[in-house]
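Engineer: Next comes run.txt, compact mmCIF, C-alpha atoms:
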```
# COMPACT_ATOMS: atom_id res chain seq x y z
CA MET A 764 -15.38 -26.43 3.53
CA GLY A 765 -16.69 -28.38 6.48
CA GLN A 766 -19.27 -27.81 9.15
CA PRO A 767 -20.04 -24.30 10.41
CA VAL A 768 -18.24 -23.29 13.57
CA PRO A 769 -20.89 -22.73 16.29
CA ASP A 770 -21.63 -19.14 17.21
CA ASN A 771 -20.53 -19.69 20.80
CA ASP A 772 -17.07 -20.85 19.75
CA HIS A 773 -13.95 -18.80 19.24
CA VAL A 774 -11.43 -18.61 16.44
CA ALA A 775 -8.00 -16.93 16.32
CA ARG A 776 -6.57 -15.05 13.36
CA TYR A 777 -2.81 -14.88 12.98
CA CYS A 778 -1.95 -11.17 12.63
CA LYS A 779 1.42 -10.05 11.33
CA GLY A 780 3.29 -7.20 12.98
CA SER A 781 2.58 -5.04 9.94
CA ASP A 782 -1.16 -5.39 10.60
CA PHE A 783 -0.76 -3.24 13.71
CA ASP A 784 -0.58 0.55 13.56
CA ASP A 785 1.89 2.87 15.29
CA ASP A 786 -0.05 2.53 18.55
CA GLY A 787 -0.01 -1.26 18.45
CA ARG A 788 -3.66 -1.42 17.55
CA CYS A 789 -4.80 -4.32 15.38
CA THR A 790 -6.17 -2.81 12.17
CA TYR A 791 -8.42 -4.21 9.49
CA ALA A 792 -5.30 -4.99 7.46
CA ALA A 793 -5.29 -8.30 9.32
CA PHE A 794 -8.60 -9.28 7.74
CA LEU A 795 -7.96 -8.49 4.08
CA LEU A 796 -7.68 -11.32 1.59
CA ARG A 797 -4.28 -11.81 0.04
CA PRO A 798 -4.45 -11.10 -3.70
CA ALA A 799 -2.71 -13.27 -6.26
CA THR A 800 0.99 -12.52 -6.48
CA SER A 801 3.87 -14.32 -8.05
CA GLY A 802 4.06 -17.69 -6.42
CA LYS A 803 0.91 -17.28 -4.35
CA VAL A 804 -2.72 -17.80 -5.23
CA ARG A 805 -5.48 -15.45 -4.24
CA GLU A 806 -7.05 -16.30 -0.89
CA ASP A 807 -10.68 -17.38 -1.07
CA TYR A 808 -11.26 -16.99 2.63
CA LEU A 809 -9.53 -15.77 5.76
CA SER A 810 -7.69 -18.56 7.53
CA VAL A 811 -8.28 -18.81 11.27
CA PHE A 812 -7.69 -21.40 13.97
CA TRP A 813 -10.68 -22.93 15.70
CA LEU A 814 -9.76 -22.64 19.36
CA ASP A 815 -12.58 -24.75 20.73
CA SER A 816 -11.49 -27.68 18.61
CA LEU A 817 -8.20 -27.63 20.53
CA THR A 818 -9.65 -27.63 24.01
CA ARG A 819 -12.88 -26.67 25.68
CA SER A 820 -11.34 -25.20 28.83
CA ASP A 821 -10.82 -21.54 29.67
CA ARG A 822 -9.79 -18.91 27.12
CA ALA A 823 -6.05 -18.82 27.87
CA ALA A 824 -5.51 -22.56 27.55
CA PRO A 825 -6.42 -22.84 23.85
CA ILE A 826 -3.93 -20.10 22.97
CA VAL A 827 -1.18 -21.97 24.78
CA LYS A 828 -2.17 -25.15 22.98
CA LEU A 829 -2.50 -23.27 19.68
CA ARG A 830 1.07 -22.01 19.93
CA ALA A 831 2.27 -25.53 20.68
CA GLU A 832 0.31 -27.13 17.85
CA VAL A 833 1.30 -24.46 15.32
CA SER A 834 4.91 -25.09 16.23
CA ARG A 835 4.58 -28.91 16.31
CA LEU A 836 2.82 -29.11 12.94
CA GLN A 837 4.94 -26.30 11.46
CA VAL A 838 1.85 -24.46 10.27
CA LEU A 839 3.68 -21.16 10.26
CA ASN A 840 6.69 -19.49 11.76
CA PRO A 841 5.36 -16.64 13.90
CA GLY A 842 7.14 -13.31 13.60
CA LYS A 843 8.49 -11.49 16.64
CA THR A 844 5.68 -8.95 16.59
CA ALA A 845 2.89 -11.24 15.41
CA LYS A 846 -0.20 -11.84 17.52
CA TYR A 847 -3.37 -13.87 17.56
CA ALA A 848 -6.65 -11.95 17.47
CA VAL A 849 -9.42 -13.94 19.08
CA LEU A 850 -12.93 -13.63 17.68
CA ASN A 851 -16.21 -14.90 19.01
CA VAL A 852 -17.91 -16.42 16.00
CA GLY A 853 -21.43 -15.20 16.77
CA ARG A 854 -20.32 -11.72 17.69
CA THR A 855 -18.20 -11.35 14.57
CA ARG A 856 -20.97 -12.58 12.28
CA ALA A 857 -23.48 -10.25 13.90
CA THR A 858 -21.14 -7.25 13.64
CA VAL A 859 -20.57 -7.85 9.94
CA ASN A 860 -24.29 -8.36 9.41
CA ALA A 861 -25.04 -5.02 11.03
CA ARG A 862 -22.36 -3.13 9.11
CA CYS A 863 -22.78 -4.38 5.56
CA ALA A 864 -25.26 -2.74 3.23
CA ASP A 865 -26.47 -6.18 2.14
CA SER A 866 -26.85 -7.42 5.76
CA ARG A 867 -24.94 -10.54 4.91
CA TRP A 868 -24.23 -13.38 7.31
CA ILE A 869 -20.66 -14.40 6.72
CA ARG A 870 -19.85 -18.07 7.16
CA ILE A 871 -17.17 -19.31 9.51
CA THR A 872 -16.56 -22.97 8.82
CA GLU A 873 -14.20 -25.79 9.55
CA GLU A 874 -11.68 -26.29 6.73
CA THR A 875 -10.68 -29.81 5.91
CA ASP A 876 -8.57 -29.22 2.81
CA GLY A 877 -5.35 -30.68 4.08
CA HIS A 878 -4.73 -28.11 6.77
CA PRO A 879 -4.32 -28.87 10.46
CA TYR A 880 -7.34 -30.23 12.27
CA PHE A 881 -8.04 -26.92 13.97
CA HIS A 882 -8.11 -24.93 10.73
CA ALA A 883 -11.21 -22.86 9.96
CA GLY A 884 -12.11 -20.15 7.47
CA ILE A 885 -14.05 -16.90 7.39
CA HIS A 886 -15.93 -16.76 4.09
CA ASP A 887 -17.88 -14.08 2.18
CA THR A 888 -15.56 -11.17 2.93
CA ALA A 889 -14.53 -10.20 -0.60
CA ASP A 890 -17.35 -7.78 -1.40
CA GLU A 891 -17.12 -4.48 0.46
CA GLU A 892 -13.88 -5.93 1.70
CA GLU A 893 -12.66 -2.99 3.77
CA THR A 894 -16.05 -2.59 5.47
CA VAL A 895 -16.19 -6.28 6.35
CA ALA A 896 -12.56 -6.35 7.48
CA ALA A 897 -13.13 -3.31 9.70
CA ALA A 898 -16.22 -4.92 11.21
CA ILE A 899 -14.28 -8.09 11.97
CA SER A 900 -11.43 -6.16 13.56
CA ASP A 901 -13.93 -4.24 15.68
CA SER A 902 -15.27 -7.54 16.99
CA ILE A 903 -11.93 -8.78 18.32
CA VAL A 904 -12.34 -9.94 21.90
CA GLU A 905 -8.72 -10.66 22.85
CA ILE A 906 -5.21 -10.31 21.49
CA HIS A 907 -2.37 -12.66 22.44
CA PRO A 908 1.28 -12.81 21.37
CA ALA A 909 1.80 -15.48 18.72
CA LYS A 910 5.05 -16.65 20.31
CA MET B 1001 6.99 23.86 -30.71
CA ALA B 1002 5.52 22.70 -27.45
CA GLU B 1003 7.11 23.95 -24.28
CA THR B 1004 8.80 21.35 -22.13
CA ASN B 1005 9.28 21.81 -18.41
CA LEU B 1006 11.34 20.15 -15.77
CA SER B 1007 9.68 19.07 -12.60
CA PHE B 1008 10.14 16.54 -9.85
CA ASP B 1009 7.72 14.14 -8.38
CA THR B 1010 7.42 13.13 -4.76
CA THR B 1011 10.21 10.61 -5.09
CA GLY B 1012 12.64 13.18 -6.40
CA THR B 1013 12.46 11.64 -9.84
CA LEU B 1014 12.97 14.00 -12.70
CA LEU B 1015 9.95 14.53 -14.87
CA LEU B 1016 9.94 15.97 -18.32
CA ASP B 1017 6.55 17.42 -18.67
CA ALA B 1018 5.69 17.56 -22.34
CA PRO B 1019 2.40 17.04 -24.10
CA LEU B 1020 1.62 13.38 -24.13
CA LEU B 1021 1.66 12.14 -27.66
CA ALA B 1022 0.14 8.95 -26.41
CA TYR B 1023 0.37 6.62 -23.52
CA ARG B 1024 2.87 4.34 -25.12
CA PRO B 1025 3.87 1.76 -22.58
CA ALA B 1026 5.39 -0.52 -25.16
CA LEU B 1027 7.88 2.19 -25.96
CA ALA B 1028 8.30 3.47 -22.48
CA TYR B 1029 11.79 3.13 -21.27
CA ARG B 1030 11.67 3.48 -17.57
CA MET B 1031 14.54 5.09 -15.88
CA SER B 1032 14.58 5.38 -12.16
CA VAL B 1033 16.72 8.04 -10.64
CA GLU B 1034 18.96 5.34 -9.32
CA ARG B 1035 19.72 3.97 -12.75
CA GLN B 1036 19.93 7.24 -14.54
CA SER B 1037 21.74 9.45 -12.11
CA SER B 1038 21.95 10.55 -8.57
CA ILE B 1039 20.16 13.69 -7.64
CA THR B 1040 21.41 15.93 -4.94
CA ILE B 1041 19.27 18.98 -4.74
CA GLU B 1042 17.87 21.14 -2.02
CA ALA B 1043 14.27 22.22 -1.89
CA GLU B 1044 15.00 25.81 -2.85
CA GLN B 1045 17.15 24.75 -5.73
CA GLN B 1046 14.47 22.36 -6.89
CA ARG B 1047 11.83 25.04 -6.85
CA ALA B 1048 14.07 27.35 -8.87
CA ILE B 1049 14.79 24.69 -11.43
CA VAL B 1050 11.19 23.71 -11.82
CA ALA B 1051 10.35 27.27 -12.71
CA GLN B 1052 12.65 27.23 -15.71
CA PRO B 1053 11.27 26.15 -19.05
CA LEU B 1054 13.58 23.76 -20.78
CA THR B 1055 13.95 25.85 -23.88
CA SER B 1056 17.56 25.19 -24.59
CA LEU B 1057 17.01 21.69 -25.81
CA THR B 1058 18.09 21.50 -29.35
CA ASN B 1059 15.40 19.17 -30.49
CA PRO B 1060 12.51 18.89 -28.06
CA SER B 1061 10.24 17.48 -30.69
CA SER B 1062 12.21 14.26 -30.60
CA LEU B 1063 11.06 13.65 -27.07
CA THR B 1064 7.98 11.65 -26.47
CA LEU B 1065 7.17 10.38 -23.08
CA GLY B 1066 4.84 8.22 -21.19
CA SER B 1067 4.22 9.63 -17.79
CA SER B 1068 2.71 6.69 -16.03
CA VAL B 1069 1.07 6.12 -12.70
CA GLY B 1070 2.17 8.67 -10.22
CA ALA B 1071 4.70 9.96 -12.71
CA LEU B 1072 7.29 7.84 -11.01
CA GLU B 1073 9.30 7.43 -14.08
CA PHE B 1074 9.45 8.73 -17.58
CA GLY B 1075 9.80 7.18 -20.94
CA LEU B 1076 12.01 8.34 -23.70
CA GLU B 1077 11.87 7.51 -27.31
CA LEU B 1078 14.99 8.92 -28.78
CA ALA B 1079 14.74 9.51 -32.46
CA THR B 1080 18.19 11.02 -32.56
CA ALA B 1081 19.50 9.28 -29.53
CA SER B 1082 23.06 10.38 -29.15
CA ALA B 1083 22.56 14.05 -30.06
CA PHE B 1084 19.51 14.39 -27.95
CA SER B 1085 20.87 12.70 -24.87
CA LYS B 1086 23.98 14.83 -25.05
CA ALA B 1087 21.89 17.97 -25.25
CA LEU B 1088 19.72 16.86 -22.38
CA GLY B 1089 22.73 15.90 -20.31
CA ASP B 1090 24.37 19.25 -20.97
CA VAL B 1091 21.33 21.10 -19.81
CA LEU B 1092 20.96 19.07 -16.66
CA ARG B 1093 24.62 19.31 -15.77
CA THR B 1094 24.50 23.04 -16.38
CA LEU B 1095 21.69 23.23 -13.92
CA ALA B 1096 23.92 21.25 -11.54
CA ILE B 1097 21.25 18.82 -10.55
CA ILE B 1098 22.47 15.60 -12.00
CA GLU B 1099 25.79 13.92 -11.71
CA PRO B 1100 26.74 11.47 -14.42
CA HIS B 1101 25.87 7.92 -13.51
CA PRO B 1102 28.94 5.70 -13.12
CA LYS B 1103 27.36 3.32 -15.62
CA PRO B 1104 25.59 5.53 -18.10
CA ILE B 1105 23.09 4.10 -20.50
CA VAL B 1106 24.92 3.41 -23.71
CA MET B 1107 23.08 4.30 -26.83
CA SER B 1108 24.16 3.46 -30.28
CA GLY B 1109 23.45 5.67 -33.20
CA ALA B 1110 20.65 3.38 -34.17
CA ARG B 1111 17.06 4.08 -33.36
CA TYR B 1112 16.25 3.20 -29.78
CA ARG B 1113 14.51 -0.12 -29.39
CA PRO B 1114 12.65 -0.79 -26.16
CA ARG B 1115 13.49 -3.96 -24.33
CA GLN B 1116 11.03 -6.80 -24.57
CA ILE B 1117 9.32 -7.53 -21.32
CA THR B 1118 7.59 -10.67 -22.45
CA THR B 1119 7.43 -12.57 -25.67
CA SER B 1120 4.00 -14.04 -25.07
CA ASP B 1121 0.57 -12.50 -25.47
CA ALA B 1122 1.51 -9.63 -23.22
CA THR B 1123 -0.49 -6.50 -23.68
CA ALA B 1124 0.72 -2.99 -23.12
CA PHE B 1125 -0.81 -3.10 -19.69
CA SER B 1126 0.73 -6.39 -18.67
CA ASN B 1127 4.07 -5.01 -19.76
CA ILE B 1128 3.58 -2.02 -17.56
CA GLU B 1129 2.56 -4.24 -14.64
CA SER B 1130 5.71 -6.27 -15.10
CA LEU B 1131 7.76 -3.13 -15.16
CA ARG B 1132 6.04 -1.74 -12.11
CA SER B 1133 6.66 -4.81 -10.04
CA SER B 1134 10.21 -5.20 -11.27
CA THR B 1135 11.17 -1.65 -10.45
CA GLU B 1136 9.14 -1.13 -7.31
CA PRO B 1137 11.69 -2.12 -4.67
CA ASN B 1138 14.02 0.67 -5.75
CA LEU B 1139 11.50 3.32 -4.84
CA ILE B 1140 11.54 2.98 -1.08
CA PRO B 1141 15.02 4.46 -0.48
CA HIS B 1142 14.10 7.43 -2.67
CA LEU B 1143 10.82 7.92 -0.87
CA LEU B 1144 12.46 7.79 2.55
CA ARG B 1145 15.09 10.27 1.44
CA TYR B 1146 12.40 12.50 0.02
CA LEU B 1147 10.42 12.39 3.27
CA ARG B 1148 13.47 13.30 5.31
CA MET B 1149 14.81 16.05 3.07
CA LEU B 1150 12.11 17.56 0.89
CA PHE B 1151 8.71 16.67 2.30
CA ARG B 1152 6.89 19.87 3.24
CA PRO B 1153 4.88 18.84 6.35
CA SER B 1154 6.95 18.79 9.51
CA TYR B 1155 6.46 15.10 10.27
CA GLY B 1156 8.43 13.77 7.29
CA THR B 1157 11.23 12.26 9.35
CA GLY B 1158 8.85 10.52 11.73
CA LEU B 1159 6.80 9.16 8.86
CA ALA B 1160 9.93 7.89 7.13
CA THR B 1161 11.01 6.10 10.28
CA ARG B 1162 7.62 4.41 10.59
CA ILE B 1163 7.64 3.32 6.93
CA GLU B 1164 11.13 1.95 7.41
CA GLN B 1165 9.94 0.02 10.45
CA LEU B 1166 6.98 -1.42 8.53
CA ALA B 1167 9.23 -2.35 5.63
CA GLU B 1168 11.50 -4.27 7.98
CA ILE B 1169 8.57 -6.11 9.56
CA VAL B 1170 7.11 -7.08 6.17
CA LEU B 1171 10.49 -8.29 4.96
CA GLU B 1172 11.18 -10.25 8.12
CA GLU B 1173 7.78 -11.91 8.33
CA SER B 1174 7.88 -13.06 4.73
CA ASP B 1175 11.49 -14.24 4.93
CA GLY B 1176 12.39 -11.64 2.34
CA ALA B 1177 9.67 -12.62 -0.14
CA GLU B 1178 7.44 -9.57 0.29
CA ARG B 1179 8.04 -5.86 0.47
CA ILE B 1180 6.26 -2.65 1.19
CA SER B 1181 4.90 -1.29 -2.07
CA GLY B 1182 6.84 1.75 -3.20
CA LEU B 1183 4.00 2.85 -5.44
CA SER B 1184 1.53 2.74 -2.58
CA VAL B 1185 3.87 4.75 -0.36
CA ALA B 1186 4.40 7.26 -3.17
CA HIS B 1187 0.66 7.74 -3.58
CA MET B 1188 0.26 8.35 0.12
CA ILE B 1189 3.12 10.84 0.16
CA ALA B 1190 1.63 12.64 -2.82
CA PHE B 1191 -1.69 12.90 -1.01
CA LEU B 1192 -0.09 14.22 2.18
CA GLU B 1193 2.06 16.70 0.33
CA GLN B 1194 -0.82 18.02 -1.73
CA ASN B 1195 -2.87 18.47 1.42
CA PRO B 1196 -0.61 19.97 4.07
CA THR B 1197 -3.47 20.47 6.52
CA VAL B 1198 -3.78 16.70 6.90
CA VAL B 1199 -2.15 15.54 10.12
CA ARG B 1200 0.27 12.65 10.38
CA PRO B 1201 -1.46 9.29 10.01
CA LYS B 1202 -0.77 6.01 11.79
CA LEU B 1203 0.28 3.30 9.37
CA ALA B 1204 -0.18 -0.40 8.78
CA ALA B 1205 0.50 -2.56 5.72
CA GLY B 1206 -2.02 -4.57 3.73
CA PRO B 1207 -1.53 -8.00 2.21
CA SER B 1208 0.13 -6.66 -0.96
CA GLY B 1209 2.46 -4.43 0.99
CA GLU B 1210 0.17 -1.48 0.36
CA ILE B 1211 -0.02 1.26 2.95
CA ILE B 1212 -3.17 1.73 5.00
CA ALA B 1213 -3.26 5.07 6.80
CA PHE B 1214 -5.38 5.70 9.88
CA TRP B 1215 -6.50 8.89 11.56
CA ARG B 1216 -8.31 8.34 14.85
CA ARG B 1217 -9.81 10.79 17.32
CA ASP B 1218 -11.47 8.27 19.64
CA GLU B 1219 -13.50 5.08 19.47
CA GLN B 1220 -16.26 6.86 17.57
CA ALA B 1221 -14.23 8.79 15.04
CA GLU B 1222 -11.82 7.18 12.61
CA PHE B 1223 -10.81 7.64 9.01
CA SER B 1224 -8.74 5.13 7.08
CA ALA B 1225 -7.36 5.14 3.57
CA ARG B 1226 -5.93 2.13 1.76
CA PHE B 1227 -3.50 3.33 -0.91
CA LEU B 1228 -3.48 0.71 -3.63
CA THR B 1229 -0.57 0.44 -6.02
CA ASN B 1230 -2.60 1.59 -9.03
CA GLY B 1231 -3.34 4.98 -7.49
CA THR B 1232 -6.79 4.05 -6.22
CA VAL B 1233 -7.62 4.81 -2.61
CA ARG B 1234 -10.34 2.97 -0.70
CA PHE B 1235 -11.49 4.79 2.37
CA LEU B 1236 -13.68 4.23 5.42
CA VAL B 1237 -15.11 6.98 7.59
CA LYS B 1238 -16.57 6.51 11.05
CA SER B 1239 -17.87 9.59 12.83
CA PRO B 1240 -20.40 10.46 15.53
CA ASN B 1241 -23.89 11.33 14.40
CA THR B 1242 -24.28 14.98 15.32
CA ARG B 1243 -28.02 14.70 15.93
CA ASN B 1244 -27.95 11.42 17.78
CA PRO B 1245 -25.16 11.19 20.35
CA SER B 1246 -25.38 7.43 20.60
CA GLY B 1247 -25.33 6.95 16.84
CA ILE B 1248 -22.31 6.48 14.59
CA ASP B 1249 -22.25 7.33 10.90
CA ARG B 1250 -20.24 5.16 8.57
CA ALA B 1251 -19.31 5.73 4.95
CA SER B 1252 -16.93 4.16 2.49
CA GLY B 1253 -15.74 4.96 -0.98
CA GLU B 1254 -13.11 4.65 -3.65
CA THR B 1255 -11.31 7.42 -5.45
CA THR B 1256 -7.85 8.52 -6.53
CA CYS B 1257 -5.36 10.04 -4.12
CA ASP B 1258 -5.66 13.50 -5.69
CA GLN B 1259 -9.42 13.47 -5.07
CA LEU B 1260 -9.42 11.92 -1.63
CA LEU B 1261 -9.71 15.14 0.37
CA GLN B 1262 -12.81 16.25 -1.53
CA LYS B 1263 -14.52 12.90 -2.00
CA ALA B 1264 -14.15 11.88 1.64
CA HIS B 1265 -15.02 15.40 2.88
CA LEU B 1266 -11.90 15.44 4.99
CA ASN B 1267 -12.09 19.17 5.62
CA GLU B 1268 -15.12 18.40 7.75
CA LEU B 1269 -13.11 16.00 9.92
CA ASP B 1270 -10.92 18.21 12.11
CA TRP B 1271 -8.95 15.25 13.43
CA VAL B 1272 -7.80 14.49 9.89
CA ALA B 1273 -7.39 17.90 8.28
CA ALA B 1274 -6.68 20.39 11.04
```
Can you turn what I pasted into structure tokens?

Structural biologist:
Amino acid sequence: MGQPVPDNDHVARYCKGSDFDDDGRCTYAAFLLRPATSGKVREDYLSVFWLDSLTRSDRAAPIVKLRAEVSRLQVLNPGKTAKYAVLNVGRTRATVNARCADSRWIRITEETDGHPYFHAGIHDTADEEETVAAAISDSIVEIHPAK
Amino acid sequence: MAETNLSFDTTGTLLLDAPLLAYRPALAYRMSVERQSSITIEAEQQRAIVAQPLTSLTNPSSLTLGSSVGALEFGLELATASAFSKALGDVLRTLAIIEPHPKPIVMSGARYRPRQITTSDATAFSNIESLRSSTEPNLIPHLLRYLRMLFRPSYGTGLATRIEQLAEIVLEESDGAERISGLSVAHMIAFLEQNPTVVRPKLAAGPSGEIIAFWRRDEQAEFSARFLTNGTVRFLVKSPNTRNPSGIDRASGETTCDQLLQKAHLNELDWVAA
């Protein structure tokens, strides 16, 4: 875990097509930790991409660069229906703080554990997981196709 | 002698409803409909069959069963394997509900021995988990068929199509490594069937392939239920505060799918239970 991502910055969560409901609405399924399954370890935090570490220009440019970098570094192979949900760090943290019974401040930090340079993580979501995930999904500011 | 009844669960799987001698997962021999037989029955026929006690079995006391989560399968311990299975088969064929499987389970005259799932320190529960995960993929076709043919609410076909669509997305995005959980889908179907006033939900899939169902009236009113594979349901409720128009009430909880309507007070949410 590295430095905290500033509250003014934005991160993007890769959302699979199955995270969206019949109406194409991004649901809290996109912000649930993956449990341990055969061949995969349990997620400790939600992986996101730190958009402002890619470029500091307008909102659309980082998404274009994100797609290019994800492809160049082979971080993942986006599905046809996958999208990026953009979150403002401060807004997301404040929404979770207001919703959780324990008024927690989740941490959104840079991740330096061998992932691409723009990798970040949303921590402290495991307790009251559905409540936290729903709060995060309610704080989405933009959605962009992943391809 | 205890009475034994035939019934069917939401997947169309045959259940033999006898007093549980014990939950004996180590002895449970799970037979999915697909392995055991093919079932071709209509709703009316099913209802008629379910009403009949299975009294013509020659030796019902030799049947013990483990009816596990969601009663998706049954376990048989056959003390007198060949005689009993013949008697059971005769009854079922007489009732015209089961066709012989092209590859029937072959039983010797010897006492039935359950297969070993693991040879390590596996417990009864880890065995059951292994069995669940190993047999899960086969459930989806049964569930879709059930939704299209036997499901009581009118939206069965539409729901089946949506589940099919989600299953394809999950499969595609994981390059075939992950699937929609049949157990989760079965729990949701059981909940919807038991509560026919509940309207059709919108669906998404969680990270384990579990179904998350959403009912939404507007931005201020939403109910969601995450159907976990073990039969637990985690729910979230968002609704307007009736005394403060600008306020929103939120609640969350965890229960089982058969208790969800009561525990989440869904009858008070007219956009969920009409």

Engineer: At a cut-off of 10 Å, can you tabulate as a Markdown table every residue of chain A near chain B together with its closest atom pair and the distance in Å to one decimal, using all atoms listed in the file and ordering rows by chain then number?

Structural biologist:
```
| residue | atom | partner | partner_atom | distance |
| --- | --- | --- | --- | --- |
| A:Lys779 | CA | B:Glu1173 | CA | 7.3 |
| A:Gly780 | CA | B:Ile1169 | CA | 6.4 |
| A:Ser781 | CA | B:Ala1205 | CA | 5.3 |
| A:Asp782 | CA | B:Ala1204 | CA | 5.4 |
| A:Phe783 | CA | B:Ala1204 | CA | 5.7 |
| A:Asp784 | CA | B:Ala1204 | CA | 4.9 |
| A:Asp785 | CA | B:Lys1202 | CA | 5.4 |
| A:Asp786 | CA | B:Lys1202 | CA | 7.6 |
| A:Gly787 | CA | B:Ala1204 | CA | 9.7 |
| A:Arg788 | CA | B:Ala1204 | CA | 9.5 |
| A:Cys789 | CA | B:Ala1204 | CA | 9.0 |
| A:Thr790 | CA | B:Ala1204 | CA | 7.3 |
| A:Tyr791 | CA | B:Gly1206 | CA | 8.6 |
| A:Ala792 | CA | B:Gly1206 | CA | 5.0 |
| A:Ala793 | CA | B:Gly1206 | CA | 7.5 |
| A:Phe794 | CA | B:Gly1206 | CA | 9.0 |
| A:Leu795 | CA | B:Pro1207 | CA | 6.7 |
| A:Leu796 | CA | B:Pro1207 | CA | 7.0 |
| A:Arg797 | CA | B:Pro1207 | CA | 5.2 |
| A:Pro798 | CA | B:Ser1208 | CA | 6.9 |
| A:Ala799 | CA | B:Ser1208 | CA | 8.9 |
| A:Thr800 | CA | B:Ser1208 | CA | 8.1 |
| A:Ser801 | CA | B:Ala1177 | CA | 10.0 |
| A:Gly802 | CA | B:Ala1177 | CA | 9.8 |
| A:Asn840 | CA | B:Glu1173 | CA | 8.4 |
| A:Pro841 | CA | B:Glu1173 | CA | 7.7 |
| A:Gly842 | CA | B:Glu1173 | CA | 5.5 |
| A:Lys843 | CA | B:Glu1173 | CA | 8.4 |
| A:Thr844 | CA | B:Ile1169 | CA | 8.1 |
| A:Ala845 | CA | B:Glu1173 | CA | 8.6 |
| A:Arg862 | CA | B:Arg1250 | CA | 8.6 |
| A:Glu891 | CA | B:Ser1252 | CA | 8.9 |
| A:Glu892 | CA | B:Arg1234 | CA | 9.9 |
| A:Glu893 | CA | B:Leu1236 | CA | 7.5 |
| A:Thr894 | CA | B:Leu1236 | CA | 7.2 |
| A:Ala897 | CA | B:Leu1236 | CA | 8.7 |
```

Engineer: Could the residues in this selection be written to a file with C-alpha atoms, as a PDB file, in the coordinates of the input?

Structural biologist:
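Listing of out08.pdb after writing:
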```pdb
ATOM      1  CA  LYS A 779       1.420 -10.050  11.330  1.00  0.00           C
ATOM      2  CA  GLY A 780       3.290  -7.200  12.980  1.00  0.00           C
ATOM      3  CA  SER A 781       2.580  -5.040   9.940  1.00  0.00           C
ATOM      4  CA  ASP A 782      -1.160  -5.390  10.600  1.00  0.00           C
ATOM      5  CA  PHE A 783      -0.760  -3.240  13.710  1.00  0.00           C
ATOM      6  CA  ASP A 784      -0.580   0.550  13.560  1.00  0.00           C
ATOM      7  CA  ASP A 785       1.890   2.870  15.290  1.00  0.00           C
ATOM      8  CA  ASP A 786      -0.050   2.530  18.550  1.00  0.00           C
ATOM      9  CA  GLY A 787      -0.010  -1.260  18.450  1.00  0.00           C
ATOM     10  CA  ARG A 788      -3.660  -1.420  17.550  1.00  0.00           C
ATOM     11  CA  CYS A 789      -4.800  -4.320  15.380  1.00  0.00           C
ATOM     12  CA  THR A 790      -6.170  -2.810  12.170  1.00  0.00           C
ATOM     13  CA  TYR A 791      -8.420  -4.210   9.490  1.00  0.00           C
ATOM     14  CA  ALA A 792      -5.300  -4.990   7.460  1.00  0.00           C
ATOM     15  CA  ALA A 793      -5.290  -8.300   9.320  1.00  0.00           C
ATOM     16  CA  PHE A 794      -8.600  -9.280   7.740  1.00  0.00           C
ATOM     17  CA  LEU A 795      -7.960  -8.490   4.080  1.00  0.00           C
ATOM     18  CA  LEU A 796      -7.680 -11.320   1.590  1.00  0.00           C
ATOM     19  CA  ARG A 797      -4.280 -11.810   0.040  1.00  0.00           C
ATOM     20  CA  PRO A 798      -4.450 -11.100  -3.700  1.00  0.00           C
ATOM     21  CA  ALA A 799      -2.710 -13.270  -6.260  1.00  0.00           C
ATOM     22  CA  THR A 800       0.990 -12.520  -6.480  1.00  0.00           C
ATOM     23  CA  SER A 801       3.870 -14.320  -8.050  1.00  0.00           C
ATOM     24  CA  GLY A 802       4.060 -17.690  -6.420  1.00  0.00           C
ATOM     25  CA  ASN A 840       6.690 -19.490  11.760  1.00  0.00           C
ATOM     26  CA  PRO A 841       5.360 -16.640  13.900  1.00  0.00           C
ATOM     27  CA  GLY A 842       7.140 -13.310  13.600  1.00  0.00           C
ATOM     28  CA  LYS A 843       8.490 -11.490  16.640  1.00  0.00           C
ATOM     29  CA  THR A 844       5.680  -8.950  16.590  1.00  0.00           C
ATOM     30  CA  ALA A 845       2.890 -11.240  15.410  1.00  0.00           C
ATOM     31  CA  ARG A 862     -22.360  -3.130   9.110  1.00  0.00           C
ATOM     32  CA  GLU A 891     -17.120  -4.480   0.460  1.00  0.00           C
ATOM     33  CA  GLU A 892     -13.880  -5.930   1.700  1.00  0.00           C
ATOM     34  CA  GLU A 893     -12.660  -2.990   3.770  1.00  0.00           C
ATOM     35  CA  THR A 894     -16.050  -2.590   5.470  1.00  0.00           C
ATOM     36  CA  ALA A 897     -13.130  -3.310   9.700  1.00  0.00           C
TER      37      ALA A 897
END
```

Engineer: Determine the axis-aligned bounding box of all atoms of segment 793-798 of chain A present in the file, pad each side by 5 Å, and express its centre and edge lengths in Å to one decimal place as lines of an AutoDock Vina configuration file.

Structural biologist:
```
center_x = -6.4
center_y = -10.1
center_z = 2.8
size_x = 14.3
size_y = 13.5
size_z = 23.0
```

Engineer: Of the residues B:Val1233, B:Ala1274, B:Leu1159, B:Ile1140, which is the one nearest to Ala1186 of chain B, using all atoms listed in the file?

Structural biologist: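 Residue with the minimum atom-to-atom distance to Ala1186 of chain B: B:Ile1140.
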
Engineer: Kindly give the distance, in Å, that separates atom CA of Leu1260 of chain B and atom CA of Ala1190 of chain B, rounded to a single decimal.

Structural biologist: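 Taking atom CA of Leu1260 of chain B as the start and atom CA of Ala1190 of chain B as the end point, the length is 11.1 Å.
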
Engineer: Would you mind listing what lies within 12 Å of Glu873 of chain A as a list of chain:residue names, with all atoms listed in the file counted and same-chain residues fewer than 6 positions away left out?

Structural biologist: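 My list of contacting residues is A:Met764, A:Gly765, A:Gln766, A:Pro767, A:Val768, A:Pro769, A:Asp772, A:His773, A:Val774, A:Tyr808, A:Leu809, A:Ser810, A:Val811, A:Phe812, A:Trp813, A:Leu814, A:Asp815, A:Ser816, A:Val852, A:Pro879, A:Tyr880, A:Phe881, A:His882, A:Ala883, A:Gly884, A:Ile885, A:His886.
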